[in-house]
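data-v8.cif (mmCIF, C-alpha atoms) appears below.
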data_run
loop_
_atom_site.label_atom_id
_atom_site.label_comp_id
_atom_site.auth_asym_id
_atom_site.auth_seq_id
_atom_site.Cartn_x
_atom_site.Cartn_y
_atom_site.Cartn_z
CA MET A 292 0.00 0.00 0.00
CA ASN A 293 2.83 2.31 0.95
CA THR A 294 4.62 1.42 -2.27
CA LEU A 295 1.48 2.05 -4.32
CA TRP A 296 1.08 5.48 -2.69
CA MET A 297 4.70 6.29 -3.62
CA PHE A 298 3.97 5.51 -7.27
CA VAL A 299 0.77 7.58 -7.21
CA LYS A 300 2.70 10.55 -5.82
CA ALA A 301 5.46 10.14 -8.41
CA PHE A 302 2.90 9.87 -11.21
CA VAL A 303 0.83 12.91 -10.22
CA VAL A 304 3.70 15.25 -9.33
CA GLY A 305 5.79 14.19 -12.34
CA GLY A 306 2.78 14.56 -14.62
CA LEU A 307 1.99 18.02 -13.27
CA ILE A 308 5.59 19.22 -13.74
CA CYS A 309 5.43 18.01 -17.35
CA ASP A 310 2.12 19.86 -17.75
CA ILE A 311 3.84 23.11 -16.72
CA GLY A 312 6.20 22.43 -19.63
CA GLN A 313 3.23 21.68 -21.89
CA LEU A 314 1.66 25.00 -20.82
CA LEU A 315 4.84 26.81 -21.90
CA VAL A 316 4.88 24.91 -25.21
CA MET A 317 1.28 25.76 -26.06
CA ARG A 318 0.84 29.23 -24.55
CA THR A 319 4.20 30.84 -25.28
CA LYS A 320 6.55 30.97 -28.25
CA LEU A 321 9.52 29.75 -26.20
CA THR A 322 11.74 27.28 -28.06
CA ASN A 323 12.34 23.81 -26.64
CA ALA A 324 15.90 24.71 -25.68
CA ARG A 325 14.71 27.75 -23.71
CA ILE A 326 12.11 25.69 -21.88
CA LEU A 327 14.70 23.06 -20.90
CA VAL A 328 17.12 25.75 -19.68
CA LEU A 329 14.28 27.43 -17.77
CA PHE A 330 13.42 24.12 -16.08
CA VAL A 331 16.95 23.36 -14.96
CA VAL A 332 17.58 26.88 -13.64
CA SER A 333 14.17 26.84 -11.90
CA GLY A 334 15.18 23.59 -10.24
CA VAL A 335 18.41 25.19 -8.99
CA VAL A 336 16.63 28.31 -7.72
CA LEU A 337 13.77 26.41 -6.05
CA THR A 338 16.31 24.16 -4.31
CA ALA A 339 18.27 27.17 -3.08
CA LEU A 340 15.03 28.65 -1.69
CA GLY A 341 14.42 25.39 0.17
CA ILE A 342 11.25 24.59 -1.78
CA TYR A 343 12.39 21.70 -3.96
CA LYS A 344 13.86 19.41 -1.31
CA PRO A 345 10.53 18.93 0.50
CA LEU A 346 8.91 18.24 -2.88
CA ALA A 347 11.58 15.66 -3.73
CA ASP A 348 11.16 14.02 -0.31
CA PHE A 349 7.41 13.89 -0.91
CA ALA A 350 7.24 12.81 -4.55
CA GLY A 351 10.49 10.86 -5.01
CA ALA A 352 11.12 10.21 -8.69
CA GLY A 353 8.15 12.44 -9.55
CA ALA A 354 10.35 15.40 -8.62
CA THR A 355 13.82 14.06 -9.46
CA VAL A 356 13.16 12.60 -12.94
CA PRO A 357 11.93 15.84 -14.62
CA LEU A 358 14.69 18.28 -15.59
CA THR A 359 13.95 20.44 -12.55
CA GLY A 360 15.34 17.44 -10.63
CA PHE A 361 18.61 17.84 -12.53
CA GLY A 362 18.74 21.41 -11.20
CA TYR A 363 17.91 20.06 -7.75
CA SER A 364 20.92 17.68 -7.90
CA LEU A 365 23.19 20.49 -9.14
CA ALA A 366 22.19 22.84 -6.31
CA MET A 367 22.22 20.18 -3.58
CA GLY A 368 25.66 19.08 -4.78
CA ALA A 369 27.00 22.63 -4.67
CA ILE A 370 25.60 23.27 -1.18
CA GLU A 371 26.91 20.00 0.26
CA ALA A 372 30.34 20.53 -1.30
CA VAL A 373 30.53 24.03 0.23
CA ASN A 374 29.88 22.40 3.60
CA ARG A 375 32.79 20.05 3.00
CA TYR A 376 35.36 22.08 1.09
CA GLY A 377 34.38 25.71 1.63
CA LEU A 378 34.15 28.18 -1.27
CA ILE A 379 35.87 25.89 -3.78
CA GLY A 380 33.03 23.42 -3.20
CA ALA A 381 30.70 25.75 -5.12
CA PHE A 382 32.74 24.91 -8.21
CA VAL A 383 32.94 21.19 -7.42
CA GLY A 384 29.59 20.03 -6.09
CA GLY A 385 27.23 20.58 -9.01
CA ILE A 386 29.01 18.42 -11.55
CA THR A 387 30.13 15.86 -8.98
CA ARG A 388 26.56 15.11 -8.00
CA THR A 389 25.35 14.97 -11.61
CA ALA A 390 28.45 13.30 -13.10
CA ALA A 391 26.72 9.94 -13.61
CA GLY A 392 23.88 11.49 -15.58
CA ILE A 393 26.05 13.77 -17.72
CA THR A 394 28.55 11.01 -18.49
CA ALA A 395 25.80 8.51 -19.27
CA ALA A 396 24.19 10.98 -21.69
CA VAL A 397 27.49 11.71 -23.47
CA VAL A 398 28.70 8.09 -23.67
CA PHE A 399 25.37 6.53 -24.64
CA GLY A 400 24.79 9.40 -27.06
CA LEU A 401 28.13 8.70 -28.74
CA LEU A 402 27.53 4.94 -28.83
CA ASN A 403 24.15 5.58 -30.36
CA ALA A 404 25.61 7.65 -33.15
CA LEU A 405 27.96 4.74 -33.92
CA LEU A 406 25.21 2.11 -33.88
CA PHE A 407 22.27 3.81 -35.55
CA LYS A 408 21.64 5.48 -38.87
CA PRO A 409 19.55 8.64 -39.13
CA HIS A 410 15.78 8.13 -39.27
CA ALA A 411 13.31 10.02 -41.40
CA LYS A 412 11.59 12.63 -39.23
CA PRO A 413 8.16 11.40 -38.17
CA MET B 227 -33.58 30.62 -51.71
CA SER B 228 -30.97 28.42 -50.09
CA ARG B 229 -29.34 30.27 -47.27
CA GLN B 230 -25.68 29.57 -46.76
CA PRO B 231 -24.99 29.71 -43.02
CA PHE B 232 -21.24 30.26 -43.29
CA THR B 233 -18.82 31.50 -45.87
CA PRO B 234 -15.67 29.33 -45.94
CA ALA B 235 -13.76 32.11 -44.18
CA GLU B 236 -16.34 32.35 -41.41
CA TYR B 237 -16.37 28.60 -41.11
CA HIS B 238 -12.60 28.44 -40.64
CA GLU B 239 -12.77 31.25 -38.12
CA LEU B 240 -15.42 29.31 -36.20
CA VAL B 241 -13.43 26.08 -36.32
CA SER B 242 -10.27 27.70 -35.03
CA ARG B 243 -12.28 29.41 -32.28
CA LEU B 244 -13.94 26.19 -31.16
CA THR B 245 -11.22 23.52 -31.43
CA PRO B 246 -8.35 24.85 -29.29
CA PRO B 247 -9.84 24.10 -25.84
CA SER B 248 -10.33 20.38 -26.53
CA ARG B 249 -7.04 20.09 -28.39
CA MET B 250 -5.26 21.86 -25.57
CA LEU B 251 -6.90 19.66 -22.97
CA ARG B 252 -5.76 16.65 -24.96
CA GLY B 253 -2.21 18.04 -25.03
CA TYR B 254 -2.19 18.49 -21.25
CA TRP B 255 -3.60 15.02 -20.70
CA ARG B 256 -1.02 13.37 -22.95
CA ALA B 257 1.88 15.28 -21.35
CA PHE B 258 0.50 14.41 -17.91
CA TRP B 259 0.15 10.68 -18.32
CA VAL B 260 3.29 10.06 -20.34
CA GLY B 261 5.39 12.28 -18.04
CA GLY B 262 3.84 10.65 -14.97
CA LEU B 263 4.51 7.19 -16.35
CA ILE B 264 8.19 7.96 -17.01
CA CYS B 265 8.47 9.23 -13.42
CA CYS B 266 6.86 5.98 -12.18
CA LEU B 267 9.46 4.06 -14.14
CA GLY B 268 12.08 6.15 -12.34
CA GLN B 269 10.42 5.33 -9.03
CA ALA B 270 10.55 1.60 -9.84
CA LEU B 271 14.25 1.90 -10.73
CA THR B 272 14.89 3.73 -7.45
CA LEU B 273 13.19 0.93 -5.51
CA TRP B 274 15.30 -1.60 -7.39
CA ALA B 275 18.45 0.41 -6.60
CA GLN B 276 17.50 0.43 -2.92
CA GLY B 277 17.06 -3.33 -3.13
CA LEU B 278 20.61 -3.54 -4.47
CA ASN B 279 21.72 -1.60 -1.37
CA LEU B 280 22.94 1.40 -3.31
CA GLY B 281 23.31 4.46 -1.10
CA GLU B 282 21.13 7.56 -0.88
CA VAL B 283 23.40 9.40 -3.32
CA THR B 284 24.19 6.54 -5.70
CA ALA B 285 20.63 5.22 -6.03
CA PRO B 286 19.41 8.35 -7.89
CA MET B 287 22.53 8.15 -10.08
CA PHE B 288 21.60 4.58 -11.00
CA THR B 289 18.04 5.65 -11.78
CA THR B 290 19.20 8.56 -13.93
CA GLY B 291 21.74 6.40 -15.75
CA CYS B 292 19.16 3.73 -16.60
CA LEU B 293 16.61 6.30 -17.78
CA ILE B 294 19.24 7.98 -19.96
CA LEU B 295 20.24 4.65 -21.50
CA LEU B 296 16.55 4.01 -22.20
CA GLY B 297 16.15 7.50 -23.71
CA THR B 298 19.16 7.26 -26.02
CA THR B 299 18.30 3.71 -27.13
CA LEU B 300 14.69 4.58 -27.95
CA THR B 301 16.04 7.61 -29.82
CA GLY B 302 18.34 5.34 -31.81
CA PHE B 303 15.43 3.15 -32.86
CA GLY B 304 13.45 6.26 -33.78
CA VAL B 305 10.79 5.49 -31.18
CA TYR B 306 11.38 8.45 -28.89
CA ASP B 307 10.58 11.00 -31.57
CA GLN B 308 7.24 9.24 -32.10
CA ILE B 309 6.54 9.40 -28.36
CA GLY B 310 7.55 13.06 -28.43
CA LYS B 311 5.12 13.78 -31.22
CA TYR B 312 2.35 12.28 -29.12
CA ALA B 313 3.28 13.51 -25.65
CA GLY B 314 4.98 16.88 -26.23
CA ALA B 315 6.48 18.13 -22.98
CA GLY B 316 5.50 14.85 -21.30
CA SER B 317 8.48 13.20 -22.97
CA ALA B 318 10.73 16.27 -23.30
CA ILE B 319 10.81 17.34 -19.63
CA PRO B 320 11.84 14.02 -17.97
CA VAL B 321 15.53 13.15 -18.06
CA THR B 322 14.83 10.69 -20.90
CA GLY B 323 14.02 13.78 -22.97
CA PHE B 324 17.39 15.24 -22.06
CA ALA B 325 18.97 11.99 -23.29
CA ASN B 326 16.94 12.31 -26.47
CA SER B 327 18.14 15.88 -26.97
CA VAL B 328 21.73 14.61 -26.72
CA ALA B 329 21.35 11.52 -28.91
CA ALA B 330 19.05 12.79 -31.65
CA PRO B 331 21.26 15.54 -33.15
CA ALA B 332 24.35 13.31 -32.80
CA ILE B 333 22.69 10.69 -35.00
CA GLU B 334 21.24 13.24 -37.37
CA PHE B 335 24.54 14.98 -38.07
CA GLN B 336 26.71 11.86 -38.52
CA ARG B 337 27.36 12.99 -42.04
CA GLU B 338 29.25 16.05 -40.82
CA GLY B 339 31.90 13.78 -39.34
CA ALA B 340 32.87 12.23 -36.04
CA VAL B 341 34.27 15.40 -34.49
CA MET B 342 32.30 18.44 -35.62
CA GLY B 343 29.27 16.31 -36.53
CA VAL B 344 28.65 13.81 -33.75
CA GLY B 345 31.00 15.26 -31.14
CA ALA B 346 29.80 18.83 -31.34
CA ARG B 347 26.13 18.18 -32.04
CA LEU B 348 25.82 16.04 -28.90
CA PHE B 349 25.69 19.38 -27.10
CA THR B 350 23.30 21.37 -29.28
CA LEU B 351 20.65 21.22 -26.55
CA ALA B 352 22.66 19.78 -23.68
CA GLY B 353 25.19 22.62 -23.99
CA PRO B 354 22.83 25.44 -22.98
CA VAL B 355 21.24 23.25 -20.29
CA LEU B 356 24.63 22.37 -18.77
CA ALA B 357 26.01 25.90 -19.12
CA TYR B 358 23.15 27.63 -17.31
CA GLY B 359 22.53 24.77 -14.90
CA ILE B 360 26.16 24.59 -13.78
CA ALA B 361 26.58 28.38 -13.69
CA SER B 362 23.47 28.82 -11.53
CA SER B 363 24.61 26.03 -9.18
CA VAL B 364 27.91 27.87 -8.70
CA VAL B 365 26.01 31.08 -7.92
CA VAL B 366 23.91 29.20 -5.36
CA GLY B 367 27.03 27.64 -3.84
CA VAL B 368 28.79 31.01 -3.53
CA ILE B 369 25.73 32.70 -2.00
CA TYR B 370 25.36 29.79 0.42
CA TRP B 371 29.04 30.14 1.37
CA LEU B 372 28.61 33.88 2.02
CA VAL B 373 25.43 33.44 4.05
CA ARG B 374 26.93 30.61 6.06
CA GLY B 375 30.00 32.75 6.80
CA TRP B 376 27.71 35.52 8.04
CA VAL B 377 25.61 33.35 10.27
CA MET B 378 28.48 31.49 11.90
#
Write the structure described by the file as structure tokens, please.
Amino acid sequence: MNTLWMFVKAFVVGGLICDIGQLLVMRTKLTNARILVLFVVSGVVLTALGIYKPLADFAGAGATVPLTGFGYSLAMGAIEAVNRYGLIGAFVGGITRTAAGITAAVVFGLLNALLFKPHAKP
Amino acid sequence: MSRQPFTPAEYHELVSRLTPPSRMLRGYWRAFWVGGLICCLGQALTLWAQGLNLGEVTAPMFTTGCLILLGTTLTGFGVYDQIGKYAGAGSAIPVTGFANSVAAPAIEFQREGAVMGVGARLFTLAGPVLAYGIASSVVVGVIYWLVRGWVM
């Protein structure tokens, strides 16, 4: 039951965050790239303001899987690294915490380009 | 006398006035359920990671890595673009969409070569995201350092 509730929370919160993106797609003329940048920076800012961590604790993957969650990891990493290393931590923490994701994207992206041929646009 | 209720122009005006609400609602619904489902998949991966006794920091890394592998692979098979056409932001906003934004241009620009084609195009969308994401995290870190210095 507890597990089911966790999935419901992830589904609803994740879906709603995506709907904010959908709102921007349909109501504004922002390009995709701008929306993605906006989401990551919003994640960083909301984490710094102490808003995103409670949301992530509540919704789990519903808050960490959308791109705002990438911003959350960046900001949390920076803050924790400052606690450990002082000022230099601000330059260390963000990438350290997100290294797995960034590296996975680059490596799998490269592999993909080796394995697959271009598709016709749907 | 047969009365024509609408001229074609009026008819088109009426159609465009009446269709958007339902089409928009459909867009929100599609983004909602596809986005929610991807997050549930992430939740399942997180549970699995916890079962493997990965720590609080490494478990999310495992989840992200798996989702990115899924995103790039589906992009390679041309499936993710189809999902994107259906779900809009529902597939673009989750981290699988980030993976798609890395993999898709790399595949598309193979012809421009391994370095300036694949290597550079990997970052067409990821570049701005990383640049502003990392820069803002540094700003947050520096502000946190200053505030902490003040308080203590």
- Task: Name every residue that the PyMOL selection byres ((chain B and resi 331-346) around 10) selects in this structure, writing the answer as a VMD selection string with chains first and numbers rising.
- Result: (chain A and resid 397 400 to 412) or (chain B and resid 301 to 302 326 to 330 347 to 351 353)
Could I get the residues of chain A with an atom no further than 7 Å from an atom of chain B, each paired with its nearest atom pair and that distance in Å to one decimal, using all atoms listed in the file, sorted by chain and residue number, as a tab-separated table?
residue	atom	partner	partner_atom	distance
A:Phe298	CA	B:Cys266	CA	5.7
A:Ala301	CA	B:Cys266	CA	5.8
A:Phe302	CA	B:Gly262	CA	4.0
A:Val303	CA	B:Gly262	CA	6.1
A:Gly305	CA	B:Gly262	CA	4.8
A:Gly306	CA	B:Phe258	CA	4.0
A:Leu307	CA	B:Phe258	CA	6.1
A:Cys309	CA	B:Gly316	CA	5.1
A:Asp310	CA	B:Phe258	CA	5.7
A:Gly312	CA	B:Ala315	CA	5.5
A:Gln313	CA	B:Ala315	CA	4.9
A:Ala324	CA	B:Leu351	CA	6.0
A:Leu327	CA	B:Val355	CA	6.6
A:Val328	CA	B:Val355	CA	4.9
A:Val331	CA	B:Gly359	CA	5.8
A:Val332	CA	B:Gly359	CA	5.5
A:Val335	CA	B:Ser363	CA	6.3
A:Ala339	CA	B:Val366	CA	6.4
A:Gly351	CA	B:Gln269	CA	6.8
A:Ala352	CA	B:Gln269	CA	4.9
A:Gly353	CA	B:Cys265	CA	5.0
A:Val356	CA	B:Pro320	CA	5.4
A:Pro357	CA	B:Pro320	CA	3.8
A:Leu358	CA	B:Pro320	CA	5.7
A:Gly362	CA	B:Gly359	CA	6.3
A:Leu365	CA	B:Ser363	CA	5.7
A:Ala366	CA	B:Ser363	CA	4.9
A:Ala369	CA	B:Gly367	CA	5.1
A:Ile370	CA	B:Gly367	CA	5.3
A:Val373	CA	B:Trp371	CA	6.4
A:Gly377	CA	B:Trp371	CA	6.9
A:Leu378	CA	B:Trp371	CA	6.1
A:Ala381	CA	B:Gly367	CA	4.3
A:Phe382	CA	B:Val364	CA	5.7
A:Gly385	CA	B:Ser363	CA	6.0
A:Ala391	CA	B:Met287	CA	5.8
A:Gly392	CA	B:Gly291	CA	5.5
A:Ala395	CA	B:Gly291	CA	5.8
A:Ala396	CA	B:Ala325	CA	5.6
A:Phe399	CA	B:Leu295	CA	6.3
A:Gly400	CA	B:Ala329	CA	4.4
A:Asn403	CA	B:Gly302	CA	6.0
A:Ala404	CA	B:Ile333	CA	4.6
A:Phe407	CA	B:Gly302	CA	5.6
A:Lys408	CA	B:Ile333	CA	6.6
A:Pro409	CA	B:Glu334	CA	5.2
A:His410	CA	B:Gly304	CA	6.3
A:Pro413	CA	B:Gln308	CA	6.5
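The coordinates place CA of Ala390 (chain A) at 10.5 Å from CA of Gly368 (chain A).
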- Val383 (chain A) environment, 7 Å, all atoms listed in the file, sequence neighbours closer than 4 positions dropped, as number ranges by chain: A: 369, 372, 379, 387
Deliver the residues from the most recent selection as a file, using C-alpha atoms, as a short mmCIF file (atom, residue, chain, number, x, y, z; two decimals), in the frame of the given file.
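Below is the file out.cif, written as the result:
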data_model
loop_
_atom_site.label_atom_id
_atom_site.label_comp_id
_atom_site.auth_asym_id
_atom_site.auth_seq_id
_atom_site.Cartn_x
_atom_site.Cartn_y
_atom_site.Cartn_z
CA ALA A 369 27.00 22.63 -4.67
CA ALA A 372 30.34 20.53 -1.30
CA ILE A 379 35.87 25.89 -3.78
CA THR A 387 30.13 15.86 -8.98
#
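We find CA of Ala285 (chain B) and CA of Thr294 (chain A) to be spaced 16.9 Å apart.
Distance-wise, CA of Tyr312 (chain B) and CA of Arg243 (chain B) end up 22.7 Å apart.
The closest residue to Gly334 (chain A), picked from A:Leu321, A:Met367, A:Val398, A:Met297 and counting all atoms listed in the file, is A:Met367.
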- Message: Report as a PyMOL selection string all protein, DNA and RNA residues lying within 10 Å of region 344-346 of chain A, evaluated on all atoms listed in the file, omitting residues in the same chain fewer than 2 positions from it.
- Response: chain A and resi 304+334+337-342+348-351+353-355+360+363-364+367
